[in-house]
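Text of my_file.tsv, listed as TSV, C-alpha atoms:
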```
chain	number	residue	atom	x	y	z
F	135	MET	CA	4.74	37.35	-43.90
F	136	LYS	CA	2.36	36.78	-41.02
F	137	ARG	CA	4.43	33.92	-39.62
F	138	ILE	CA	7.61	35.96	-39.80
F	139	SER	CA	6.07	38.87	-37.92
F	140	LYS	CA	4.76	36.60	-35.17
F	141	LYS	CA	8.14	34.91	-34.81
F	142	ALA	CA	9.87	38.27	-34.61
F	143	ALA	CA	7.39	39.46	-32.02
F	144	ALA	CA	7.96	36.34	-29.92
F	145	ILE	CA	11.75	36.76	-30.05
F	146	LEU	CA	11.50	40.47	-29.21
F	147	CYS	CA	9.17	39.79	-26.31
F	148	SER	CA	11.41	37.01	-24.98
F	149	ALA	CA	14.46	39.27	-25.18
F	150	VAL	CA	12.66	41.93	-23.12
F	151	LEU	CA	11.18	39.50	-20.63
F	152	LEU	CA	14.51	37.68	-20.20
F	153	LEU	CA	15.60	40.68	-18.14
F	154	ILE	CA	12.95	39.82	-15.57
F	155	PRO	CA	14.30	36.52	-14.16
F	156	ILE	CA	17.90	37.75	-14.35
F	157	THR	CA	17.24	40.92	-12.38
F	158	LEU	CA	15.07	39.03	-9.91
F	159	VAL	CA	18.14	37.11	-8.76
F	160	PHE	CA	19.74	40.35	-7.59
F	161	ALA	CA	16.60	41.63	-5.89
F	162	ASN	CA	15.13	41.13	-2.47
F	163	ALA	CA	11.90	39.52	-3.59
F	164	SER	CA	10.74	38.33	-0.16
F	165	ASN	CA	8.04	41.03	-0.19
F	166	SER	CA	5.78	40.72	-3.22
F	167	SER	CA	3.47	43.65	-2.52
F	168	VAL	CA	3.75	47.41	-2.16
F	169	SER	CA	1.24	48.68	0.39
F	170	LYS	CA	-0.93	51.76	-0.04
F	171	ASP	CA	1.21	54.02	2.16
F	172	GLN	CA	4.55	52.66	0.92
F	173	THR	CA	6.97	54.41	-1.47
F	174	ILE	CA	9.75	52.53	-3.28
F	175	THR	CA	12.51	54.91	-4.41
F	176	ARG	CA	14.18	52.47	-6.81
F	177	ASP	CA	13.32	49.78	-9.34
F	178	TRP	CA	11.15	47.11	-7.72
F	179	PHE	CA	11.31	43.40	-8.51
F	180	ALA	CA	9.04	40.58	-7.38
F	181	LEU	CA	8.65	36.87	-8.08
F	182	ASP	CA	5.61	35.28	-6.43
F	183	GLN	CA	2.24	33.69	-7.13
F	184	ALA	CA	0.46	37.00	-6.46
F	185	VAL	CA	2.20	40.36	-6.94
F	186	SER	CA	0.50	43.68	-6.20
F	187	ASN	CA	1.19	47.40	-6.00
F	188	GLU	CA	-1.04	49.88	-4.21
F	189	GLY	CA	1.62	52.40	-3.31
F	190	THR	CA	4.24	54.32	-5.30
F	191	VAL	CA	7.21	52.91	-7.19
F	192	LYS	CA	9.57	55.63	-8.44
F	193	GLY	CA	11.49	53.25	-10.69
F	194	ASP	CA	10.43	50.35	-12.89
F	195	PHE	CA	7.99	47.72	-11.66
F	196	ILE	CA	9.24	44.31	-12.82
F	197	SER	CA	7.46	41.12	-11.85
F	198	LEU	CA	6.85	37.49	-12.69
F	199	GLY	CA	3.93	35.63	-11.13
F	200	GLN	CA	0.55	33.97	-11.43
F	201	SER	CA	-1.31	37.27	-11.05
F	202	VAL	CA	0.01	40.83	-11.14
F	203	THR	CA	-2.10	43.84	-10.12
F	204	SER	CA	-1.17	47.50	-9.92
F	205	ALA	CA	-3.62	50.03	-8.49
F	206	GLY	CA	-0.91	52.44	-7.33
F	207	ARG	CA	1.55	54.62	-9.20
F	208	ILE	CA	4.61	53.56	-11.18
F	209	GLU	CA	6.87	56.39	-12.29
F	210	GLY	CA	8.95	54.11	-14.52
F	211	ASP	CA	7.84	51.19	-16.71
F	212	LEU	CA	5.64	48.21	-15.93
F	213	LEU	CA	7.26	44.99	-17.20
F	214	CYS	CA	5.71	41.67	-16.29
F	215	ALA	CA	4.81	38.14	-17.34
F	216	ALA	CA	1.89	36.44	-15.60
F	217	SER	CA	-1.32	34.52	-16.10
F	218	ASP	CA	-3.45	37.55	-15.25
F	219	VAL	CA	-2.36	41.20	-15.33
F	220	SER	CA	-4.57	44.04	-14.08
F	221	MET	CA	-3.52	47.70	-14.18
F	222	SER	CA	-5.97	50.23	-12.73
F	223	GLY	CA	-3.50	52.77	-11.37
F	224	LYS	CA	-1.06	55.07	-13.12
F	225	VAL	CA	2.12	54.27	-15.07
F	226	ASP	CA	4.20	57.23	-16.24
F	227	GLY	CA	6.31	55.13	-18.61
F	228	ASP	CA	5.62	52.12	-20.85
F	229	VAL	CA	3.61	48.98	-20.15
F	230	ARG	CA	5.01	45.74	-21.61
F	231	VAL	CA	3.20	42.57	-20.60
F	232	ALA	CA	2.77	38.94	-21.62
F	233	ALA	CA	-0.17	37.16	-20.01
F	234	ALA	CA	-3.23	35.02	-20.59
F	235	THR	CA	-5.47	37.96	-19.67
F	236	VAL	CA	-4.58	41.66	-19.60
F	237	ASN	CA	-6.98	44.21	-18.09
F	238	LEU	CA	-6.11	47.90	-18.44
F	239	SER	CA	-8.28	50.53	-16.80
F	240	GLY	CA	-5.73	53.08	-15.60
F	241	GLU	CA	-3.61	55.88	-17.04
F	242	ILE	CA	-0.45	55.08	-19.03
F	243	GLY	CA	1.89	57.89	-19.97
F	244	LYS	CA	3.66	56.27	-22.92
F	245	ASN	CA	3.21	53.05	-24.91
F	246	VAL	CA	1.55	49.67	-24.36
F	247	ASN	CA	2.84	46.38	-25.79
F	248	ALA	CA	0.66	43.41	-24.89
F	249	PHE	CA	0.96	39.74	-25.89
F	250	ALA	CA	-1.97	37.80	-24.47
F	251	GLY	CA	-4.92	35.48	-24.84
F	252	SER	CA	-7.24	38.44	-24.30
F	253	VAL	CA	-6.62	42.17	-23.94
F	254	LEU	CA	-9.39	44.21	-22.32
F	255	MET	CA	-9.08	47.99	-22.12
F	256	GLY	CA	-11.77	49.69	-20.06
F	257	ASP	CA	-13.52	53.02	-20.69
F	258	SER	CA	-11.43	54.74	-17.97
F	259	ALA	CA	-8.12	53.72	-19.55
F	260	ARG	CA	-5.86	56.36	-21.07
F	261	ILE	CA	-2.79	55.61	-23.21
F	262	GLY	CA	-0.56	58.60	-23.94
F	263	GLY	CA	1.44	56.82	-26.65
F	264	ASN	CA	0.95	53.87	-28.98
F	265	LEU	CA	-0.98	50.64	-28.45
F	266	ILE	CA	0.34	47.40	-29.94
F	267	ALA	CA	-1.44	44.17	-29.02
F	268	PHE	CA	-1.38	40.53	-30.15
F	269	ALA	CA	-4.21	38.42	-28.70
F	270	ASN	CA	-7.07	36.10	-29.52
F	271	THR	CA	-9.64	38.63	-28.29
F	272	ILE	CA	-9.01	42.39	-28.07
F	273	GLU	CA	-11.54	44.87	-26.72
F	274	VAL	CA	-10.48	48.51	-26.63
F	275	ASP	CA	-12.39	51.31	-24.93
F	276	GLY	CA	-10.98	54.47	-23.37
F	277	THR	CA	-8.50	56.74	-25.15
F	278	VAL	CA	-5.39	56.06	-27.23
F	279	LYS	CA	-3.44	59.22	-28.11
F	280	GLY	CA	-1.02	57.60	-30.53
F	281	TYR	CA	-0.98	54.88	-33.18
F	282	SER	CA	-2.78	51.56	-32.66
F	283	ARG	CA	-1.90	48.20	-34.14
F	284	LEU	CA	-4.12	45.30	-33.14
F	285	ASN	CA	-3.65	41.69	-34.26
F	286	GLY	CA	-6.15	39.05	-33.19
F	287	GLY	CA	-9.06	36.73	-33.90
F	288	LYS	CA	-11.88	38.96	-32.66
F	289	ILE	CA	-11.43	42.70	-32.15
F	290	ILE	CA	-13.97	45.13	-30.69
F	291	LEU	CA	-13.45	48.90	-30.77
F	292	LYS	CA	-15.39	51.25	-28.50
F	293	GLY	CA	-12.89	53.97	-27.65
F	294	ASP	CA	-11.39	57.24	-28.84
F	295	PHE	CA	-8.36	56.87	-31.15
F	296	ALA	CA	-6.38	60.02	-31.97
F	297	GLY	CA	-4.08	58.35	-34.51
F	298	ASP	CA	-4.24	55.73	-37.25
F	299	VAL	CA	-5.54	52.28	-36.41
F	300	ASP	CA	-4.25	49.15	-38.19
F	301	ILE	CA	-6.27	45.97	-37.64
F	302	ASN	CA	-5.26	42.46	-38.68
F	303	VAL	CA	-7.85	39.75	-38.02
F	304	ASP	CA	-7.28	36.12	-38.93
F	305	SER	CA	-8.15	32.63	-37.73
F	306	SER	CA	-4.60	31.73	-36.65
F	307	TYR	CA	-5.41	33.17	-33.23
F	308	GLY	CA	-7.95	30.38	-32.72
F	309	ASP	CA	-11.21	32.34	-32.49
F	310	THR	CA	-14.13	30.81	-34.39
F	311	ASP	CA	-15.80	34.22	-34.90
F	312	VAL	CA	-13.09	35.99	-36.87
F	313	GLU	CA	-14.33	39.55	-37.12
F	314	LEU	CA	-13.97	43.25	-36.39
F	315	HIS	CA	-16.68	45.22	-34.59
F	316	VAL	CA	-16.59	49.02	-34.44
F	317	LEU	CA	-19.35	49.89	-31.97
F	318	PRO	CA	-21.39	53.09	-31.53
F	319	GLY	CA	-19.46	55.87	-29.82
F	320	THR	CA	-16.14	54.88	-31.35
F	321	LYS	CA	-14.07	57.81	-32.64
F	322	ILE	CA	-11.14	57.22	-34.98
F	323	GLN	CA	-9.55	60.51	-36.00
F	324	GLY	CA	-6.94	58.87	-38.23
F	325	LYS	CA	-7.29	56.16	-40.85
F	326	LEU	CA	-8.72	52.72	-40.04
F	327	THR	CA	-6.98	50.03	-42.09
F	328	TYR	CA	-8.55	46.60	-41.68
F	329	LYS	CA	-7.13	43.36	-43.06
F	330	GLY	CA	-9.34	40.29	-42.77
F	331	ALA	CA	-11.41	37.75	-44.65
F	332	ASN	CA	-14.78	38.86	-43.29
F	333	GLU	CA	-16.34	42.27	-43.75
F	334	ALA	CA	-16.05	44.54	-40.72
F	335	PHE	CA	-19.13	45.57	-38.77
F	336	ILE	CA	-19.10	49.36	-38.37
F	337	ALA	CA	-22.09	50.72	-36.46
F	338	ASP	CA	-23.93	53.86	-37.57
F	339	GLY	CA	-22.95	55.66	-34.36
F	340	ALA	CA	-19.21	55.15	-34.98
F	341	GLN	CA	-17.10	58.04	-36.32
F	342	VAL	CA	-14.31	56.90	-38.65
F	343	ASN	CA	-12.31	59.51	-40.55
F	344	SER	CA	-11.33	57.13	-43.36
F	345	PHE	CA	-11.54	53.37	-43.86
F	346	GLN	CA	-9.74	50.79	-45.99
F	347	TRP	CA	-10.53	47.07	-46.13
F	348	ILE	CA	-7.80	44.77	-47.39
F	349	GLN	CA	-9.64	41.52	-47.95
F	350	ALA	CA	-7.58	38.47	-47.07
F	351	ALA	CA	-8.23	34.96	-48.30
F	352	GLU	CA	-10.28	32.91	-45.85
F	353	LYS	CA	-8.39	29.90	-44.52
F	354	THR	CA	-9.76	26.54	-43.61
F	355	LYS	CA	-8.81	24.50	-40.59
F	356	GLY	CA	-7.05	22.02	-42.83
F	357	THR	CA	-4.53	24.66	-43.86
F	358	GLU	CA	-4.23	26.16	-40.38
F	359	THR	CA	-3.38	23.16	-38.24
F	360	LYS	CA	-1.29	20.06	-38.35
F	361	GLY	CA	-2.83	16.65	-38.17
F	362	ALA	CA	-2.86	14.71	-34.93
F	363	GLY	CA	-0.47	12.18	-36.43
F	364	GLU	CA	2.12	14.87	-37.18
F	365	TYR	CA	1.94	16.16	-33.61
F	366	ALA	CA	2.20	12.64	-32.21
F	367	ILE	CA	5.32	11.86	-34.26
F	368	LYS	CA	6.93	15.20	-33.43
F	369	TYR	CA	6.49	14.87	-29.67
F	370	LEU	CA	7.37	11.20	-29.70
F	371	ARG	CA	10.71	12.18	-31.18
F	372	MET	CA	11.16	14.77	-28.45
F	373	LEU	CA	10.48	12.16	-25.76
F	374	ILE	CA	12.89	9.68	-27.37
F	375	ALA	CA	15.57	12.39	-27.50
F	376	ALA	CA	14.91	13.14	-23.82
F	377	ALA	CA	15.29	9.46	-22.93
F	378	ILE	CA	18.62	9.25	-24.79
F	379	TYR	CA	19.79	12.40	-23.00
F	380	PHE	CA	18.87	10.86	-19.64
F	381	PHE	CA	20.95	7.73	-20.31
F	382	ILE	CA	23.92	9.84	-21.44
F	383	ALA	CA	23.61	11.89	-18.25
F	384	MET	CA	23.61	8.71	-16.17
F	385	LEU	CA	26.81	7.64	-17.95
F	386	VAL	CA	28.39	10.98	-16.97
F	387	TYR	CA	27.19	10.37	-13.40
F	388	ARG	CA	28.92	6.98	-13.35
F	389	LEU	CA	32.16	8.59	-14.51
F	390	PHE	CA	32.03	11.69	-12.26
F	391	PRO	CA	29.55	11.04	-9.42
F	392	GLY	CA	30.89	13.71	-7.06
F	393	LEU	CA	31.05	16.45	-9.69
F	394	PHE	CA	27.61	15.49	-10.99
F	395	ALA	CA	25.93	16.02	-7.60
F	396	TYR	CA	28.03	19.07	-6.70
F	397	GLN	CA	26.94	21.04	-9.77
F	398	GLY	CA	23.30	20.67	-8.79
F	399	ASN	CA	23.99	21.96	-5.27
F	400	ILE	CA	25.83	25.12	-6.32
F	401	VAL	CA	22.89	26.33	-8.43
F	402	GLY	CA	20.93	26.78	-5.21
F	403	GLU	CA	23.85	27.70	-2.95
F	404	LYS	CA	25.61	30.26	-5.17
F	405	PRO	CA	23.07	31.48	-7.75
F	406	LEU	CA	24.79	34.83	-8.31
F	407	LYS	CA	28.17	33.27	-9.12
F	408	VAL	CA	26.52	30.67	-11.32
F	409	LEU	CA	24.53	33.39	-13.11
F	410	GLY	CA	27.68	35.43	-13.66
F	411	MET	CA	29.54	32.42	-15.06
F	412	GLY	CA	26.63	31.61	-17.37
F	413	LEU	CA	26.32	35.15	-18.70
F	414	ALA	CA	30.08	35.27	-19.21
F	415	ALA	CA	29.90	32.03	-21.19
F	416	VAL	CA	27.18	33.47	-23.43
F	417	GLY	CA	29.34	36.54	-23.98
F	418	LEU	CA	32.32	34.34	-24.85
F	419	VAL	CA	30.20	32.57	-27.47
F	420	PHE	CA	29.77	35.83	-29.36
F	421	ALA	CA	33.42	36.73	-28.80
F	422	ALA	CA	34.48	33.34	-30.19
F	423	ILE	CA	32.29	33.81	-33.27
F	424	ILE	CA	33.83	37.24	-33.93
F	425	THR	CA	37.34	35.85	-33.35
F	426	PHE	CA	36.65	32.96	-35.71
F	427	ILE	CA	35.47	35.34	-38.47
F	428	PHE	CA	38.53	37.55	-37.92
F	429	LEU	CA	40.95	34.63	-38.03
F	430	LEU	CA	39.29	33.24	-41.13
F	431	ALA	CA	39.72	36.59	-42.88
F	432	VAL	CA	43.31	37.16	-41.74
F	433	THR	CA	44.66	33.66	-42.32
F	434	ALA	CA	43.43	33.81	-45.91
F	435	PHE	CA	46.25	36.30	-46.52
F	436	ILE	CA	49.03	35.47	-44.07
F	437	ALA	CA	48.74	31.76	-43.32
F	438	SER	CA	46.81	28.62	-43.94
F	439	PRO	CA	43.01	28.96	-43.45
F	440	MET	CA	43.23	25.70	-41.48
F	441	VAL	CA	44.28	27.74	-38.42
F	442	ALA	CA	40.88	29.42	-38.34
F	443	VAL	CA	39.07	26.20	-39.20
F	444	VAL	CA	40.75	24.28	-36.37
F	445	PHE	CA	40.07	27.12	-33.91
F	446	GLY	CA	36.42	27.39	-34.99
F	447	THR	CA	35.89	23.64	-34.80
F	448	ALA	CA	37.44	23.41	-31.33
F	449	MET	CA	35.38	26.30	-29.98
F	450	THR	CA	32.21	24.91	-31.54
F	451	LEU	CA	32.73	21.47	-29.99
F	452	ALA	CA	33.50	23.00	-26.59
F	453	TYR	CA	30.38	25.15	-26.52
F	454	VAL	CA	28.15	22.42	-27.94
F	455	LEU	CA	29.28	20.10	-25.15
F	456	ILE	CA	28.81	22.80	-22.49
F	457	PHE	CA	25.37	23.93	-23.65
F	458	TYR	CA	24.23	20.38	-24.34
F	459	PHE	CA	24.98	19.30	-20.77
F	460	SER	CA	23.69	22.53	-19.19
F	461	THR	CA	20.39	20.84	-18.32
F	462	ILE	CA	22.13	18.43	-15.92
F	463	PRO	CA	22.93	20.90	-13.07
F	464	VAL	CA	19.51	22.57	-13.31
F	465	SER	CA	17.78	19.17	-13.24
F	466	MET	CA	19.79	18.16	-10.18
F	467	TRP	CA	18.94	21.41	-8.41
F	468	LEU	CA	15.24	21.09	-9.23
F	469	GLY	CA	15.20	17.45	-8.14
F	470	ASN	CA	16.82	18.46	-4.83
F	471	VAL	CA	14.14	21.09	-4.30
F	472	LEU	CA	11.21	18.85	-5.20
F	473	LEU	CA	12.45	15.92	-3.08
F	474	ASN	CA	14.01	17.98	-0.27
F	475	GLY	CA	17.40	16.45	-0.93
F	476	LYS	CA	16.11	12.95	-0.22
F	477	ASN	CA	16.47	9.82	-2.38
F	478	ASN	CA	19.60	8.99	-4.36
F	479	VAL	CA	21.24	11.17	-7.00
F	480	PRO	CA	19.80	9.40	-10.09
F	481	THR	CA	16.27	9.68	-8.66
F	482	ARG	CA	16.65	13.37	-7.87
F	483	PHE	CA	18.11	14.04	-11.29
F	484	GLY	CA	15.36	11.99	-12.97
F	485	ILE	CA	12.56	13.90	-11.22
F	486	GLY	CA	14.14	17.25	-12.05
F	487	PHE	CA	14.83	16.32	-15.66
F	488	LEU	CA	11.32	14.86	-16.11
F	489	THR	CA	9.81	18.10	-14.77
F	490	ILE	CA	11.89	20.28	-17.09
F	491	THR	CA	11.09	18.08	-20.09
F	492	ALA	CA	7.37	18.11	-19.28
F	493	VAL	CA	7.34	21.91	-19.02
F	494	GLN	CA	9.19	22.28	-22.33
F	495	VAL	CA	6.88	19.88	-24.15
F	496	LEU	CA	3.79	21.54	-22.68
F	497	LEU	CA	4.93	25.06	-23.60
F	498	LYS	CA	5.90	23.90	-27.08
F	499	LEU	CA	2.53	22.24	-27.62
F	500	LEU	CA	0.54	25.19	-26.26
F	501	GLY	CA	2.61	27.51	-28.42
F	502	GLU	CA	1.36	25.70	-31.52
F	503	VAL	CA	-2.26	24.92	-30.68
F	504	SER	CA	-3.35	27.53	-28.11
F	505	PRO	CA	-5.12	30.78	-29.06
F	506	ALA	CA	-2.48	32.51	-26.91
F	507	GLY	CA	0.30	30.62	-28.68
F	508	ILE	CA	2.67	33.56	-28.91
F	509	ILE	CA	2.74	33.80	-25.11
F	510	PHE	CA	3.62	30.15	-24.62
F	511	SER	CA	6.24	30.31	-27.40
F	512	THR	CA	7.79	33.30	-25.65
F	513	LEU	CA	7.79	31.50	-22.31
F	514	TRP	CA	9.42	28.48	-23.97
F	515	TYR	CA	12.26	30.68	-25.28
F	516	ILE	CA	12.73	32.23	-21.83
F	517	PHE	CA	12.67	28.83	-20.12
F	518	VAL	CA	15.30	27.35	-22.45
F	519	ILE	CA	17.60	30.38	-22.19
F	520	ILE	CA	17.42	30.48	-18.39
F	521	ILE	CA	18.33	26.78	-18.19
F	522	ALA	CA	21.24	27.28	-20.59
F	523	ILE	CA	22.62	30.25	-18.62
F	524	PHE	CA	22.36	28.74	-15.15
F	525	GLY	CA	23.34	25.24	-16.30
F	526	THR	CA	26.38	26.45	-18.20
F	527	GLY	CA	27.41	28.64	-15.28
F	528	ALA	CA	27.17	25.67	-12.89
F	529	LEU	CA	29.18	23.45	-15.24
F	530	ILE	CA	31.98	25.99	-15.62
F	531	TYR	CA	32.03	26.77	-11.90
F	532	GLY	CA	32.01	23.08	-10.94
F	533	ILE	CA	34.70	22.07	-13.41
F	534	GLY	CA	36.84	25.07	-12.47
F	535	ASN	CA	36.53	24.24	-8.78
F	536	ALA	CA	37.45	20.59	-9.44
F	537	VAL	CA	40.56	21.62	-11.40
F	538	PHE	CA	41.56	24.02	-8.64
F	539	ARG	CA	41.25	21.25	-6.03
F	540	LEU	CA	43.37	18.88	-8.10
F	541	ARG	CA	46.11	21.50	-8.49
F	542	HIS	CA	45.95	22.27	-4.80
F	543	VAL	CA	46.36	18.58	-3.93
F	544	ASP	CA	49.32	18.29	-6.34
F	545	SER	CA	51.00	21.38	-4.85
F	546	VAL	CA	50.60	19.93	-1.32
F	547	LYS	CA	52.20	16.69	-2.42
```

Represent the structure contained in this file as structure tokens.
Amino acid sequence: MKRISKKAAAILCSAVLLLIPITLVFANASNSSVSKDQTITRDWFALDQAVSNEGTVKGDFISLGQSVTSAGRIEGDLLCAASDVSMSGKVDGDVRVAAATVNLSGEIGKNVNAFAGSVLMGDSARIGGNLIAFANTIEVDGTVKGYSRLNGGKIILKGDFAGDVDINVDSSYGDTDVELHVLPGTKIQGKLTYKGANEAFIADGAQVNSFQWIQAAEKTKGTETKGAGEYAIKYLRMLIAAAIYFFIAMLVYRLFPGLFAYQGNIVGEKPLKVLGMGLAAVGLVFAAIITFIFLLAVTAFIASPMVAVVFGTAMTLAYVLIFYFSTIPVSMWLGNVLLNGKNNVPTRFGIGFLTITAVQVLLKLLGEVSPAGIIFSTLWYIFVIIIAIFGTGALIYGIGNAVFRLRHVDSVK
């Protein structure tokens, strides 16, 4: 049950955070900070190494960067993914973050959802709604007006909790000291439900209305982790698959050299059109699935079921081919960026593809062995989906443009 809940949380988080890179394409992200005397009257988007807000944002604050800080006011929601997130200002709406480290010391009007390596909530923090956190280390001070659900390896409570508090502590988060500490001064007005292998430490100065301990079986490292040999075989297979993909891509390049290079260029030159094409393709996938189900049901009564089978098979092959080759345009674009358009096409593609493969393997590995694994798994989902959308959009746009040119040439003749 634990694995299912973590998987669901990762998928949910990736679905929410997928909105960030998509909306960033439409935004003017040249300025990655809101100054103290500045007021933004709309949603604000930023993509940069360091993103900050010291002014007022009347809409949502959406960002993706190495570090994100907000000491000002956000009248909407705070949505971000970063290595470090610090919120010391005021957020009228919800806070949804994925980061290695999350520091909260401000006032939040509604709910907090945090997926991190560590979540630290200071004594000046105020949460008007619910607190849900998944992290290796969680330390909560301040005030939580609603319900709290905390999942981690080591959890420390020091704050004032108006509602029920559910705690799940286990070694899968990577902490060697798997435990719950309820320190003096803690006030829990609802029920504290604790699930863990080790007995909780509840100080004499802590006020807990009611307490329940659900003792879980203690797990050993042998049952928690895979052996080094299993990891080696798994990632060796991934590298072999990547090498095969590279050679297939080079074969496509030999057959269509002009189209191959062109698709990489349009990702950077026309990102909005490529994004639109990619999103449309994803929508058509669902439409095709619904159509296939409808045809299968109808043809069972009025015609041969083979009509639906042939349609479904054709659509499946088409989309498998499109999505399978979607990495090619993105790799070409990335190779162009990294090499400034220099070197030949195979070299640029190889550098881009090698970079994408390395990032995927690293995120996959960190997702399985890191204490903040859920964050890296989420980022892996986002990374793969973004590549599929932009790559598919570039393929469709490039092929459509090539067909248009051929028809135009034929009409001139």

Using all atoms listed in the file: which of F:Ile521, F:Leu291, F:Leu373, F:Val191 has the shortest distance to Ser169 (chain F):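 Looking at the shortest contact to Ser169 (chain F), the residue is F:Val191.
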
Separation of CA of Glu188 (chain F) from CA of Phe249 (chain F), in Å and rounded to one decimal: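 Distance between the two atoms: 24.0 Å.
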
Using only C-alpha atoms, determine which residues lie at most 7 Å from Gly412 (chain F), disregarding the query and same-chain residues fewer than 6 positions distant; provide the list as a PDB file with C-alpha atoms, keeping the file's coordinate frame.
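Written output follows (selection.pdb):
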```pdb
ATOM      1  CA  ILE F 523      22.620  30.250 -18.620  1.00  0.00           C
ATOM      2  CA  PHE F 524      22.360  28.740 -15.150  1.00  0.00           C
ATOM      3  CA  THR F 526      26.380  26.450 -18.200  1.00  0.00           C
ATOM      4  CA  GLY F 527      27.410  28.640 -15.280  1.00  0.00           C
TER       5      GLY F 527
END
```

Contact residues around His315 (chain F) with all atoms listed in the file at 12 Å, ignoring same-chain residues under 5 positions, as JSON, numbers by chain: {"F": [271, 272, 273, 274, 287, 288, 289, 290, 291, 292, 293, 301, 303, 320, 328, 332, 333, 334, 335, 336, 337, 338, 340]}

Straight-line distance linking CA of Gln183 (chain F) with CA of Ala269 (chain F), stated in Å to one decimal: 23.0 Å

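With only C-alpha atoms taken into account, every residue lying no more than 10 Å from the file point (5.4, 47.8, -21.0) is included here: Val150, Asp194, Phe195, Ile196, Gly210, Asp211, Leu212, Leu213, Cys214, Val225, Gly227, Asp228, Val229, Arg230, Val231, Ala232, Ile242, Lys244, Asn245, Val246, Asn247 and Ala248 of chain F.
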
For Gly410 (chain F), the nearest of the candidates F:Gly525, F:Gly297, F:Gly398, F:Gly484, counting only C-alpha atoms: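 Comparing F:Gly525, F:Gly297, F:Gly398, F:Gly484 against Gly410 (chain F), the winner is F:Gly525.
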
Atomic distance CA of Ser239 (chain F) - CA of Leu314 (chain F), expressed in Å with one decimal: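 For CA of Ser239 (chain F) relative to CA of Leu314 (chain F), the distance reads 21.7 Å.
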
Residue among F:Ser344, F:Met411, F:Asn302, F:Ala296 lying closest to Lys321 (chain F), counting all atoms listed in the file: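 Among the listed residues, F:Ala296 lies closest to Lys321 (chain F).
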
Distance query Ala350 (chain F) at most 8 Å, all atoms listed in the file, self and fewer than 4 positions along chain excluded, as a list of chain:residue names: F:Lys329, F:Gly330, F:Ala331

Reconstructed region 166-176 of chain F, atom set N, CA, C and O atoms, as a PDB file, in the coordinates of the input:
```
ATOM      1  N   SER F 166       6.329  40.673  -1.873  1.00  0.00           N
ATOM      2  CA  SER F 166       5.780  40.720  -3.220  1.00  0.00           C
ATOM      3  C   SER F 166       4.643  41.703  -3.345  1.00  0.00           C
ATOM      4  O   SER F 166       3.855  41.616  -4.279  1.00  0.00           O
ATOM      5  N   SER F 167       4.527  42.642  -2.425  1.00  0.00           N
ATOM      6  CA  SER F 167       3.470  43.650  -2.520  1.00  0.00           C
ATOM      7  C   SER F 167       3.975  44.985  -1.996  1.00  0.00           C
ATOM      8  O   SER F 167       4.787  45.052  -1.078  1.00  0.00           O
ATOM      9  N   VAL F 168       3.469  46.051  -2.613  1.00  0.00           N
ATOM     10  CA  VAL F 168       3.750  47.410  -2.160  1.00  0.00           C
ATOM     11  C   VAL F 168       2.447  47.944  -1.568  1.00  0.00           C
ATOM     12  O   VAL F 168       1.443  48.059  -2.275  1.00  0.00           O
ATOM     13  N   SER F 169       2.458  48.249  -0.285  1.00  0.00           N
ATOM     14  CA  SER F 169       1.240  48.680   0.390  1.00  0.00           C
ATOM     15  C   SER F 169       0.850  50.107  -0.005  1.00  0.00           C
ATOM     16  O   SER F 169       1.627  50.840  -0.608  1.00  0.00           O
ATOM     17  N   LYS F 170      -0.351  50.487   0.381  1.00  0.00           N
ATOM     18  CA  LYS F 170      -0.930  51.760  -0.040  1.00  0.00           C
ATOM     19  C   LYS F 170      -0.119  52.955   0.412  1.00  0.00           C
ATOM     20  O   LYS F 170       0.005  53.957  -0.293  1.00  0.00           O
ATOM     21  N   ASP F 171       0.458  52.893   1.619  1.00  0.00           N
ATOM     22  CA  ASP F 171       1.210  54.020   2.160  1.00  0.00           C
ATOM     23  C   ASP F 171       2.720  53.872   1.970  1.00  0.00           C
ATOM     24  O   ASP F 171       3.509  54.593   2.568  1.00  0.00           O
ATOM     25  N   GLN F 172       3.133  52.949   1.117  1.00  0.00           N
ATOM     26  CA  GLN F 172       4.550  52.660   0.920  1.00  0.00           C
ATOM     27  C   GLN F 172       5.075  53.314  -0.355  1.00  0.00           C
ATOM     28  O   GLN F 172       4.380  53.356  -1.378  1.00  0.00           O
ATOM     29  N   THR F 173       6.313  53.819  -0.306  1.00  0.00           N
ATOM     30  CA  THR F 173       6.970  54.410  -1.470  1.00  0.00           C
ATOM     31  C   THR F 173       8.301  53.725  -1.705  1.00  0.00           C
ATOM     32  O   THR F 173       9.148  53.687  -0.815  1.00  0.00           O
ATOM     33  N   ILE F 174       8.492  53.173  -2.892  1.00  0.00           N
ATOM     34  CA  ILE F 174       9.750  52.530  -3.280  1.00  0.00           C
ATOM     35  C   ILE F 174      10.526  53.528  -4.130  1.00  0.00           C
ATOM     36  O   ILE F 174      10.026  53.979  -5.166  1.00  0.00           O
ATOM     37  N   THR F 175      11.738  53.867  -3.723  1.00  0.00           N
ATOM     38  CA  THR F 175      12.510  54.910  -4.410  1.00  0.00           C
ATOM     39  C   THR F 175      13.450  54.359  -5.476  1.00  0.00           C
ATOM     40  O   THR F 175      14.316  55.073  -5.958  1.00  0.00           O
ATOM     41  N   ARG F 176      13.307  53.115  -5.829  1.00  0.00           N
ATOM     42  CA  ARG F 176      14.180  52.470  -6.810  1.00  0.00           C
ATOM     43  C   ARG F 176      13.339  51.547  -7.682  1.00  0.00           C
ATOM     44  O   ARG F 176      12.125  51.490  -7.550  1.00  0.00           O
TER      45      ARG F 176
END
```
